[in-house]
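Working notes, structure below.
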Amino acid sequence: MTSTAHQPWAGATTVQPVLSAKGVTKQFSVAGGHFTAVDDVTVDFHQGKVLAVVGESGSGKSTLARMLLRLLPVTSGQIIYEGRDVTHIRGTELRKYWQDVQAVFQDPFASFNQFFTVGHMFKRSLRLAGQGVDTDELIARCLGYVGLKPDEALPKYPHQMSGGQRQRVMVARALMMNPKVLLADEATSMLDASLRVSVLNVLQDLRRDLGLTVLFITHDIGQACYLADEVIVMEHGLVVERGETDKVIFEPQHEYTKRLLSDVPDLKGSLKHRV
Amino acid sequence: MTALTAAPPELLMRATNLNAAYSADGTRDVPAVDAVSLEVPRGQILGLAGESGCGKSTLGNTLAMIANPPLYVLSGTLEIAGLTIDLSTLDKGADARHRPHRGQIVSMLPQGAMNSISPTLRIRDLVCDVVRAHDRSKSRSDALDLARDRLTMLGMPVRVLDQYAHQLSGGMRQRMVTVISTLLNPQLLIADEPTSALDVSSQKALIEMLIHMVDEKIMGGAIFITHDLPVLSMVTDQLAIMYAGRIVETGPTAELVHSARHPYTSALLAAVLDPTRETRTKTVEGIPGSPPNLANPPTGCRFHPRCPFAMEVCARQDPPLVGEGIHSASCWWAKDHPHETVPLQGVSL
Ligand SMILES: Nc1ncnc2c1ncn2[C@@H]1O[C@H](COP(=O)(O)OP(=O)(O)O)[C@@H](O)[C@H]1O
Ligand code: SF4
Ligand SMILES: [Mg+2]
């Protein structure tokens, strides 16, 4: 996590980003008009970097993520993946895109079928992705990345695992698709601090060892501080601040970023005993 | 600590020797609360912290007198509001008469409460339902007057009463269920993970409101349950750290946070990620291993398989309670190292 590893911020680099949003906007119709959830957002994701998107709930983080994942159509703007416009691709192309860009969400319980073991779920995902051969070896390798053992994890049902284990299983499942980009939307928010750092460490290792590009969405600036190379701050659908993590967190310019930082509960602080 | 001869704060509640277990089919017992004793001084907020699955909610439900099968309270007394209540006989024996008191004496704000209210319910209907469920003598307009006054007192918008739950932000919904669950001025409020699903700004608004409520004596005191130590250090006076069904350390919040005496407390503190330059450079390993299965907990100190300070005796014998004033820990290491803080690097590797 040294700053020498940082890319110069967007624009200054000639390296082609893996994934970009260009002027992406999402409007929802509401009674009597439109609500702009994401407003003209432009952002580049560079290979082997962790970019964190921070902001309060409702600031548009997840809507942006769902558009990047092509789960939600854009109102305007483009999504560029490896130099190609993927905003409107369909069919086989889209399925290929969905293999390359994997996601892990907040509640690992929600994405698990309660009646399948981890092993069953893994084989099923691989079959759907058209990967039939050598799956045992692949599964073992991906579980290994997240510190789980096949003979322990595979026979388990979702309810037999802790939240942290389930979340690591979901990361392993995403990795089996050999993705270029991993998008984690509040994936660690509901975890205990100790499990949380172990999942963050997994992401850190994958970035370093596999060159994975990570889009890390969180309302918790502390986690962004631990993990991210770059941070963008969203408020009401707009990117209000962006830059290298050290700059954004230790020299915030925008009032909103400053407020987010001042609202973070402080282990050594107390509201009870203020004088 | 100063040697002033200030009288100790009046106790709001004392819970002694609570034991509670889940009994799946009457044979396989999961003792989720094991010999727990707790005190809350009047006007204070006690924080209950620990990893998920350690029994925090179970303890909260036991204290709130809402334990229902498959959860059974095996023993425990609760002293509050001049009453001494045997929690294990609430359903059957003489103390059954106390069961109606729950909600009024001890009010529980359950985990996930803000998401369990129907989105199509108006807040004012919720107010009436809740108030009248506890006090039949109150009319609809009494209940609404009560809510209006309370919201005004807390500086919250009264028009929220006319809105539907789905129109409110998560933060506002959580503050509203908190206000509603305390309209009848309970002695004790138990709030289970009230901030865990909120972003930092809504968390701050909720904890400021809770402090305000205690200051205004809307309730006599509160127990705040969460695994989030930074939130607890902002809002609480005292902390109790729970591991595998037992309380392993208790004490004044600032003292625990600055000078933990139990290795588990110390490990929890080490895993906190503040947005500081230190966090930018440190590597936190988390606590190795996973919390034990409560159906079959480790012998001796339940933390011993994961503790970097474990000694031979730790696996053999229950650790002694080592007390220094109102700060105490159950630990062999603490016994051998009186007045020492657990070295952080010992647990964060
Ligand atoms: N309905 C239930 N039946 C059986 N075991 C349960 C039930 N609810 C909780 N438990 C078990 O009791 C223990 C404590 O759970 P809980 O009180 O919810 O912990 P926490 O609130 O600290 O996360 C856990 O081992 C959990 O699996
Ligand atoms: S009693 Fe032993 S194993 Fe338990 S926390 Fe203390 S030193 Fe560690
Ligand atoms: Mg709980």
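Going by the structure tokens order, chains are called A, B, ..., each with residues numbered from 1, while ligands are numbered from 1 in the order shown.
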
Give as an mmCIF file with C-alpha atoms, in the first residue's frame every residue of chain A that touches chain B within 9 Å, counting only C-alpha atoms.
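Writing the result to result_26.cif gives the following:
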data_model
loop_
_atom_site.group_PDB
_atom_site.id
_atom_site.type_symbol
_atom_site.label_atom_id
_atom_site.label_comp_id
_atom_site.auth_asym_id
_atom_site.auth_seq_id
_atom_site.Cartn_x
_atom_site.Cartn_y
_atom_site.Cartn_z
ATOM 1 C CA MET A 1 0.000 0.000 0.000
ATOM 2 C CA THR A 2 2.815 2.378 -0.802
ATOM 3 C CA GLY A 55 -20.737 8.445 0.003
ATOM 4 C CA GLU A 56 -23.865 8.231 2.115
ATOM 5 C CA SER A 57 -26.624 5.802 1.300
ATOM 6 C CA GLY A 58 -28.692 7.210 -1.519
ATOM 7 C CA SER A 162 -20.465 -17.431 9.525
ATOM 8 C CA GLY A 163 -21.055 -14.158 7.698
ATOM 9 C CA SER A 189 -20.272 -3.557 5.717
ATOM 10 C CA MET A 190 -22.228 -6.050 7.763
ATOM 11 C CA LEU A 191 -19.196 -8.027 8.875
ATOM 12 C CA ASP A 192 -17.518 -7.796 12.253
ATOM 13 C CA ALA A 193 -14.326 -5.768 12.248
ATOM 14 C CA SER A 194 -12.101 -8.813 12.506
ATOM 15 C CA LEU A 195 -13.768 -10.675 9.613
ATOM 16 C CA ARG A 196 -13.904 -7.454 7.668
ATOM 17 C CA VAL A 197 -10.150 -6.993 7.689
ATOM 18 C CA SER A 198 -9.650 -10.580 6.617
ATOM 19 C CA ASN A 201 -6.796 -8.497 3.028
ATOM 20 C CA HIS A 219 -19.969 4.290 3.124
ATOM 21 C CA ASP A 220 -17.075 3.609 5.483
ATOM 22 C CA ILE A 221 -14.112 5.856 4.777
ATOM 23 C CA GLY A 222 -12.012 3.827 7.212
ATOM 24 C CA GLN A 223 -12.210 0.791 4.932
ATOM 25 C CA ALA A 224 -11.440 2.888 1.862
ATOM 26 C CA CYS A 225 -8.441 4.254 3.739
ATOM 27 C CA TYR A 226 -7.132 0.765 4.456
ATOM 28 C CA LEU A 227 -7.628 -0.662 0.980
ATOM 29 C CA THR A 245 -6.555 8.072 -1.256
ATOM 30 C CA ASP A 246 -4.070 10.083 0.803
ATOM 31 C CA ILE A 249 -8.759 11.521 3.056
ATOM 32 C CA PHE A 250 -6.004 13.628 4.570
ATOM 33 C CA ARG A 259 -18.419 16.272 6.716
ATOM 34 C CA LEU A 260 -18.260 12.558 5.930
ATOM 35 C CA LEU A 261 -14.888 12.419 7.635
ATOM 36 C CA SER A 262 -16.059 14.339 10.684
ATOM 37 C CA ASP A 263 -19.069 12.023 11.083
ATOM 38 C CA VAL A 264 -16.904 8.892 11.311
ATOM 39 C CA PRO A 265 -17.145 7.596 14.869
ATOM 40 C CA ASP A 266 -13.809 7.878 16.575
ATOM 41 C CA LEU A 267 -12.574 5.072 18.792
ATOM 42 C CA LYS A 268 -10.735 7.555 20.966
ATOM 43 C CA GLY A 269 -13.530 10.103 20.946
ATOM 44 C CA SER A 270 -16.744 10.400 22.861
ATOM 45 C CA LEU A 271 -19.951 12.327 22.488
ATOM 46 C CA LYS A 272 -20.908 11.366 26.029
ATOM 47 C CA HIS A 273 -18.189 13.303 27.725
#

Using only C-alpha atoms, which residues sit within 12 Å of B:Leu46 once same-chain residues fewer than 2 positions away are excluded, as a count of residues only? 40

Around ligand 3, which protein and nucleic acid residues have at least one atom no more than 7 Å from it, if we count only C-alpha atoms and all ligand atoms? List them as an MDAnalysis selection string. chainID B and resid 52:53 56:57 111 192:193

Could you dump the residues just selected with C-alpha atoms as a PDB file, in the first residue's frame?
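Result went into part.pdb, see below:
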ATOM      1  CA  SER B  52     -21.749 -11.848  15.759  1.00  0.00           C
ATOM      2  CA  GLY B  53     -23.017 -15.094  17.207  1.00  0.00           C
ATOM      3  CA  LYS B  56     -25.455 -10.374  22.415  1.00  0.00           C
ATOM      4  CA  SER B  57     -29.002 -10.483  21.029  1.00  0.00           C
ATOM      5  CA  GLN B 111     -32.148  -5.877  15.515  1.00  0.00           C
ATOM      6  CA  ASP B 192     -29.838  -4.137  19.368  1.00  0.00           C
ATOM      7  CA  GLU B 193     -27.540  -3.105  16.486  1.00  0.00           C
TER       8      GLU B 193
END

6 Å shell around ligand 2 using only C-alpha atoms and all ligand atoms, listed as a compact mmCIF listing (two decimals) with all heavy atoms, in the first residue's frame:
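Final output, saved to part_32.txt:
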# COMPACT_ATOMS: atom_id res chain seq x y z
N HIS B 262 -8.07 -7.52 28.53
CA HIS B 262 -8.33 -8.86 27.99
C HIS B 262 -7.85 -8.93 26.54
O HIS B 262 -8.14 -8.03 25.75
CB HIS B 262 -9.83 -9.16 28.06
CG HIS B 262 -10.16 -10.62 27.88
ND1 HIS B 262 -10.11 -11.23 26.65
CD2 HIS B 262 -10.49 -11.58 28.77
CE1 HIS B 262 -10.42 -12.52 26.79
NE2 HIS B 262 -10.66 -12.75 28.08
N PRO B 263 -7.12 -9.99 26.18
CA PRO B 263 -6.60 -10.09 24.81
C PRO B 263 -7.68 -10.02 23.72
O PRO B 263 -7.42 -9.52 22.64
CB PRO B 263 -5.91 -11.46 24.80
CG PRO B 263 -5.50 -11.68 26.20
CD PRO B 263 -6.60 -11.07 27.04
N CYS B 301 -10.67 -21.16 29.33
CA CYS B 301 -10.99 -19.88 28.68
C CYS B 301 -11.45 -20.18 27.26
O CYS B 301 -10.72 -20.81 26.49
CB CYS B 301 -9.79 -18.96 28.67
SG CYS B 301 -10.09 -17.50 27.64
N PHE B 303 -11.60 -18.42 24.76
CA PHE B 303 -10.82 -17.74 23.72
C PHE B 303 -9.48 -18.42 23.49
O PHE B 303 -8.75 -18.06 22.57
CB PHE B 303 -10.62 -16.27 24.15
CG PHE B 303 -10.03 -15.38 23.09
CD1 PHE B 303 -10.57 -15.32 21.81
CD2 PHE B 303 -8.92 -14.58 23.36
CE1 PHE B 303 -10.04 -14.49 20.82
CE2 PHE B 303 -8.38 -13.74 22.38
CZ PHE B 303 -8.93 -13.70 21.12
N HIS B 304 -9.15 -19.45 24.28
CA HIS B 304 -7.78 -19.95 24.23
C HIS B 304 -7.30 -20.45 22.87
O HIS B 304 -6.15 -20.23 22.52
CB HIS B 304 -7.49 -20.95 25.37
CG HIS B 304 -7.88 -22.37 25.08
ND1 HIS B 304 -9.01 -22.96 25.59
CD2 HIS B 304 -7.28 -23.32 24.32
CE1 HIS B 304 -9.10 -24.20 25.15
NE2 HIS B 304 -8.07 -24.44 24.38
N CYS B 307 -6.07 -17.25 21.14
CA CYS B 307 -5.40 -16.21 21.91
C CYS B 307 -3.88 -16.31 21.78
O CYS B 307 -3.29 -17.36 22.04
CB CYS B 307 -5.78 -16.33 23.38
SG CYS B 307 -4.94 -15.12 24.41
N PHE B 309 -1.77 -15.13 23.69
CA PHE B 309 -1.14 -15.16 25.02
C PHE B 309 -1.49 -16.45 25.78
O PHE B 309 -1.17 -16.57 26.96
CB PHE B 309 -1.59 -13.96 25.85
CG PHE B 309 -1.23 -12.64 25.24
CD1 PHE B 309 -2.14 -11.94 24.47
CD2 PHE B 309 0.04 -12.11 25.42
CE1 PHE B 309 -1.80 -10.73 23.89
CE2 PHE B 309 0.39 -10.90 24.85
CZ PHE B 309 -0.53 -10.21 24.08
N ALA B 310 -2.16 -17.37 25.12
CA ALA B 310 -2.65 -18.54 25.83
C ALA B 310 -1.52 -19.32 26.50
O ALA B 310 -0.44 -19.50 25.94
CB ALA B 310 -3.41 -19.45 24.87
N MET B 311 -1.78 -19.74 27.72
CA MET B 311 -0.84 -20.57 28.48
C MET B 311 -1.50 -21.92 28.70
O MET B 311 -2.68 -22.10 28.42
CB MET B 311 -0.54 -19.92 29.82
CG MET B 311 0.12 -18.56 29.72
SD MET B 311 0.03 -17.69 31.29
CE MET B 311 -1.48 -16.76 31.10
N CYS B 314 -4.78 -22.01 30.60
CA CYS B 314 -5.96 -21.40 29.95
C CYS B 314 -6.92 -22.44 29.40
O CYS B 314 -8.14 -22.24 29.41
CB CYS B 314 -5.53 -20.47 28.82
SG CYS B 314 -4.48 -19.11 29.37
N PRO B 319 -10.82 -18.90 33.54
CA PRO B 319 -9.94 -17.81 34.00
C PRO B 319 -10.54 -17.07 35.20
O PRO B 319 -11.76 -17.00 35.34
CB PRO B 319 -9.84 -16.90 32.78
CG PRO B 319 -10.99 -17.26 31.91
CD PRO B 319 -11.35 -18.68 32.21
N CYS B 331 -9.26 -13.37 32.91
CA CYS B 331 -8.13 -13.77 32.08
C CYS B 331 -6.92 -14.14 32.94
O CYS B 331 -6.59 -13.45 33.89
CB CYS B 331 -7.77 -12.61 31.15
SG CYS B 331 -6.26 -12.86 30.20
N TRP B 332 -6.26 -15.23 32.55
CA TRP B 332 -5.04 -15.65 33.24
C TRP B 332 -3.90 -14.67 32.97
O TRP B 332 -3.08 -14.40 33.85
CB TRP B 332 -4.63 -17.05 32.81
CG TRP B 332 -5.56 -18.11 33.33
CD1 TRP B 332 -6.47 -18.82 32.62
CD2 TRP B 332 -5.68 -18.55 34.69
NE1 TRP B 332 -7.16 -19.68 33.43
CE2 TRP B 332 -6.69 -19.55 34.71
CE3 TRP B 332 -5.04 -18.21 35.89
CZ2 TRP B 332 -7.06 -20.20 35.88
CZ3 TRP B 332 -5.42 -18.86 37.06
CH2 TRP B 332 -6.41 -19.84 37.04
N TRP B 333 -3.81 -14.16 31.77
CA TRP B 333 -2.75 -13.19 31.44
C TRP B 333 -2.91 -11.95 32.31
O TRP B 333 -1.95 -11.44 32.88
CB TRP B 333 -2.79 -12.81 29.95
CG TRP B 333 -1.71 -11.84 29.56
CD1 TRP B 333 -0.48 -12.14 29.07
CD2 TRP B 333 -1.76 -10.40 29.65
NE1 TRP B 333 0.25 -10.98 28.85
CE2 TRP B 333 -0.51 -9.91 29.20
CE3 TRP B 333 -2.73 -9.49 30.09
CZ2 TRP B 333 -0.20 -8.55 29.16
CZ3 TRP B 333 -2.44 -8.14 30.06
CH2 TRP B 333 -1.19 -7.68 29.59

Among stretch 17-214 of chain A, which residues does DSSP mark as alpha helix (DSSP H) when it is run on the backbone? Keep the chain and numbering as in the structure and answer as a ChimeraX atom specification. /A:61-68,91-100,118-128,135-145,150-153,163-176,193-210

If we count only C-alpha atoms and set the cut-off at 6 Å, which residues sit around stretch 140-157 of chain A, ignoring sequence neighbours fewer than 2 positions away in its own chain? Please answer as a PyMOL selection string. chain A and resi 117-119+137-138+159-160+168+172+202

Provide the atom CA of B:Gln167 to atom CA of B:Ala143 distance in Å, to one decimal place.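 It comes out at 21.7 Å.
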